[in-house]
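Below is start28.cif, holding mmCIF, C-alpha atoms.
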data_final
#
loop_
_atom_site.label_atom_id
_atom_site.label_comp_id
_atom_site.auth_asym_id
_atom_site.auth_seq_id
_atom_site.Cartn_x
_atom_site.Cartn_y
_atom_site.Cartn_z
CA MET A 1 152.03 161.52 104.27
CA SER A 2 149.79 158.49 103.84
CA ARG A 3 146.03 158.78 103.45
CA HIS A 4 143.18 157.01 105.17
CA LEU A 5 141.23 154.71 102.88
CA GLN A 6 137.56 153.79 102.66
CA ILE A 7 136.52 150.98 100.34
CA THR A 8 133.09 151.46 98.76
CA PHE A 9 130.89 148.73 97.30
CA ASP A 10 127.90 149.40 95.06
CA ALA A 11 125.16 146.99 96.13
CA HIS A 12 121.53 146.01 95.77
CA ASP A 13 121.33 145.03 99.46
CA PRO A 14 123.80 147.16 101.46
CA ARG A 15 122.80 145.64 104.81
CA GLY A 16 123.11 142.08 103.57
CA LEU A 17 126.45 142.71 101.89
CA SER A 18 127.83 144.60 104.89
CA THR A 19 126.82 141.73 107.17
CA PHE A 20 128.57 139.24 104.87
CA TRP A 21 131.79 141.29 104.66
CA SER A 22 131.81 141.93 108.42
CA GLU A 23 132.00 138.15 108.87
CA VAL A 24 134.70 137.78 106.19
CA LEU A 25 136.93 140.50 107.63
CA GLY A 26 136.18 140.20 111.35
CA TYR A 27 134.78 143.74 111.27
CA ARG A 28 131.79 145.16 113.14
CA LEU A 29 128.72 147.09 112.13
CA PRO A 30 128.87 150.36 114.09
CA GLY A 31 125.86 151.75 115.87
CA PRO A 32 124.16 155.01 114.90
CA PRO A 33 125.65 158.37 115.92
CA GLY A 34 125.26 159.08 119.61
CA VAL A 35 124.02 155.57 120.41
CA ASP A 36 126.09 153.49 122.83
CA LEU A 37 125.28 149.87 121.97
CA PRO A 38 125.41 147.42 124.86
CA GLU A 39 127.40 144.21 124.35
CA GLY A 40 125.47 141.80 122.13
CA ALA A 41 123.01 144.42 120.84
CA ASP A 42 121.97 144.21 117.20
CA PRO A 43 123.41 147.25 115.40
CA LEU A 44 120.99 146.89 112.49
CA ALA A 45 118.01 147.02 114.85
CA ALA A 46 119.55 150.10 116.48
CA TRP A 47 119.87 151.69 113.05
CA ASP A 48 116.22 150.87 112.26
CA ASP A 49 115.13 152.59 115.48
CA PHE A 50 117.43 155.57 114.85
CA LEU A 51 116.29 156.02 111.24
CA ALA A 52 112.63 155.75 112.26
CA CYS A 53 113.15 158.39 114.96
CA ILE A 54 114.65 160.85 112.49
CA GLY A 55 111.88 160.23 109.93
CA VAL A 56 113.64 158.15 107.27
CA PRO A 57 110.96 156.17 105.40
CA GLU A 58 111.21 152.40 105.79
CA GLU A 59 111.89 151.87 102.05
CA GLN A 60 115.01 154.06 102.33
CA ARG A 61 116.57 152.34 105.36
CA ASN A 62 118.65 149.89 103.31
CA THR A 63 120.35 152.43 101.05
CA LYS A 64 123.62 152.59 102.98
CA SER A 65 125.61 150.52 105.45
CA ALA A 66 129.18 150.38 106.72
CA ILE A 67 131.55 148.17 108.64
CA GLU A 68 134.66 149.07 110.63
CA ASP A 69 137.75 147.35 111.93
CA PRO A 70 137.11 146.93 115.68
CA GLU A 71 140.82 147.64 116.32
CA GLY A 72 140.74 150.79 114.18
CA HIS A 73 143.58 149.76 111.87
CA GLY A 74 141.88 148.61 108.66
CA PRO A 75 139.91 150.75 106.24
CA ARG A 76 136.22 151.46 106.74
CA VAL A 77 134.07 149.64 104.19
CA PHE A 78 130.97 151.46 102.91
CA PHE A 79 128.06 149.92 100.99
CA GLN A 80 125.75 152.08 98.90
CA GLN A 81 122.61 151.01 97.10
CA VAL A 82 122.62 151.37 93.32
CA PRO A 83 119.85 150.43 90.87
CA GLU A 84 122.03 148.76 88.25
CA GLY A 85 123.38 145.24 88.50
CA LYS A 86 126.97 144.09 88.12
CA VAL A 87 127.53 143.41 84.42
CA ALA A 88 131.25 142.64 84.12
CA LYS A 89 134.26 141.43 86.08
CA ASN A 90 135.23 143.95 88.74
CA ARG A 91 138.41 145.86 87.94
CA VAL A 92 139.48 145.97 91.60
CA HIS A 93 139.06 143.12 94.02
CA LEU A 94 140.02 142.33 97.58
CA ASP A 95 142.60 139.72 98.55
CA VAL A 96 141.62 138.41 101.97
CA ARG A 97 144.72 137.16 103.77
CA ALA A 98 143.30 134.02 105.32
CA ALA A 99 146.50 131.99 105.81
CA PRO A 100 149.30 134.38 106.82
CA GLY A 101 152.64 132.67 107.34
CA LEU A 102 151.47 129.27 106.11
CA GLN A 103 152.96 127.43 103.12
CA GLY A 104 152.10 124.50 100.88
CA GLU A 105 149.36 122.08 101.88
CA GLU A 106 148.99 123.63 105.33
CA ARG A 107 148.23 126.98 103.64
CA MET A 108 145.83 125.47 101.13
CA ALA A 109 144.01 123.55 103.88
CA ALA A 110 143.52 126.81 105.82
CA LEU A 111 142.22 128.50 102.66
CA GLU A 112 139.85 125.59 102.02
CA ALA A 113 138.48 125.80 105.58
CA GLU A 114 137.88 129.54 105.20
CA CYS A 115 136.31 128.96 101.79
CA ASP A 116 133.85 126.48 103.32
CA ARG A 117 132.96 129.00 106.05
CA LEU A 118 132.34 131.77 103.52
CA VAL A 119 130.28 129.54 101.20
CA ALA A 120 128.01 128.86 104.19
CA LEU A 121 127.60 132.66 104.54
CA GLY A 122 126.59 133.10 100.88
CA ALA A 123 129.85 133.29 98.92
CA GLU A 124 130.51 131.18 95.85
CA ARG A 125 133.72 129.35 95.08
CA VAL A 126 135.03 130.07 91.57
CA ARG A 127 138.31 128.15 91.41
CA ARG A 128 141.44 127.08 93.25
CA GLU A 129 144.88 128.06 92.02
CA GLU A 130 147.58 125.69 93.22
CA PRO A 131 150.88 126.95 94.66
CA ALA A 132 153.46 127.70 91.98
CA PRO A 133 156.63 128.76 93.83
CA PRO A 134 158.33 131.14 93.83
CA LEU A 135 155.70 133.47 92.32
CA SER A 136 152.47 132.15 93.83
CA ALA A 137 151.70 130.53 97.16
CA GLY A 138 148.25 129.45 95.90
CA PHE A 139 144.83 131.04 96.39
CA ILE A 140 141.08 130.51 96.00
CA VAL A 141 138.95 132.80 93.83
CA MET A 142 135.45 133.48 95.17
CA THR A 143 132.51 135.83 94.72
CA ASP A 144 130.46 137.53 97.42
CA PRO A 145 126.63 137.23 97.50
CA GLU A 146 126.32 140.00 94.87
CA GLY A 147 128.93 138.58 92.50
CA ASN A 148 131.95 140.71 93.43
CA GLU A 149 135.13 138.69 92.93
CA PHE A 150 137.69 138.35 95.72
CA CYS A 151 140.50 135.97 96.59
CA LEU A 152 141.38 134.01 99.69
CA ASP A 153 145.11 134.49 99.71
#

Spell out the structure here as structure tokens.
Amino acid sequence: MSRHLQITFDAHDPRGLSTFWSEVLGYRLPGPPGVDLPEGADPLAAWDDFLACIGVPEEQRNTKSAIEDPEGHGPRVFFQQVPEGKVAKNRVHLDVRAAPGLQGEERMAALEAECDRLVALGAERVRREEPAPPLSAGFIVMTDPEGNEFCLD
């Protein structure tokens, strides 16, 4: 029997990082429990209202955040605030499949376009690895706004 998976990120700014990763993955920020968000509503504003109503102090409202696959297939991604900074290369990273089915220059052009989009959202480009068939189709190494490494693959 397979298990459901949640990916957890330690973060300084859970809301900011969850917003970034929702854009990367095409995920959504869910609304608070029992709140039906109308189309186009800001889920973070809804969370602020919800947390204020239940008495969570303002300085504690950015300690957690999450994003979900709108189709319900991918893992939930959870972001939790931690006091310490990232001090070394992460031992696990995400490979974001940004060019499925593409090969060669067409693949690398699609990865470059996605890289440009993510840099505009706050990511940093680290390096490009060229295709080396048959073992590698090529990829781009990046970091998210808090320095977590991931690959566009």

Quiz item: Excluding same-chain residues fewer than 4 positions from A:Ala137, what lies within 9 Å of it counting only C-alpha atoms, as a ChimeraX atom specification?
Solution: /A:103-104,107-108,129-133,153

Can you spit out the residues from that selection as a compact mmCIF listing (two decimals), in the frame of the given file, using C-alpha atoms?
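Once written, part-v8.txt looks like this:
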# COMPACT_ATOMS: atom_id res chain seq x y z
CA GLN A 103 152.96 127.43 103.12
CA GLY A 104 152.10 124.50 100.88
CA ARG A 107 148.23 126.98 103.64
CA MET A 108 145.83 125.47 101.13
CA GLU A 129 144.88 128.06 92.02
CA GLU A 130 147.58 125.69 93.22
CA PRO A 131 150.88 126.95 94.66
CA ALA A 132 153.46 127.70 91.98
CA PRO A 133 156.63 128.76 93.83
CA ASP A 153 145.11 134.49 99.71

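For the residues A:Ala120, A:Leu29, A:Met1, A:Ala113, ranking by smallest atom-to-atom distance to A:Phe79 using only C-alpha atoms places A:Leu29 first.
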
Self-check item: d(atom CA of A:Phe78, atom CA of A:Glu149) in Å
Solution: 16.7 Å

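The gap separating atom CA of A:Ala110 from atom CA of A:Glu68 is 24.4 Å, in Å to one decimal.
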
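Taking atom CA of A:Glu84 and atom CA of A:Thr143 as the two end points, the separation is 17.9 Å.
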
Exercise. Choose the residue, out of A:Pro33, A:Ala88, A:Pro14, A:Leu94, that has the smallest atom-to-atom separation from A:Lys64; count all atoms listed in the file.
Key: A:Pro14

List the neighbours of A:Thr63 out to 8 Å using only C-alpha atoms; skip same-chain residues closer than 6 positions along the sequence, and give me the result as a compact mmCIF listing (two decimals) with C-alpha atoms, in the coordinates of the input.
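Written file, selection-v3.txt:
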# COMPACT_ATOMS: atom_id res chain seq x y z
CA ASP A 13 121.33 145.03 99.46
CA PRO A 14 123.80 147.16 101.46
CA GLN A 80 125.75 152.08 98.90
CA GLN A 81 122.61 151.01 97.10
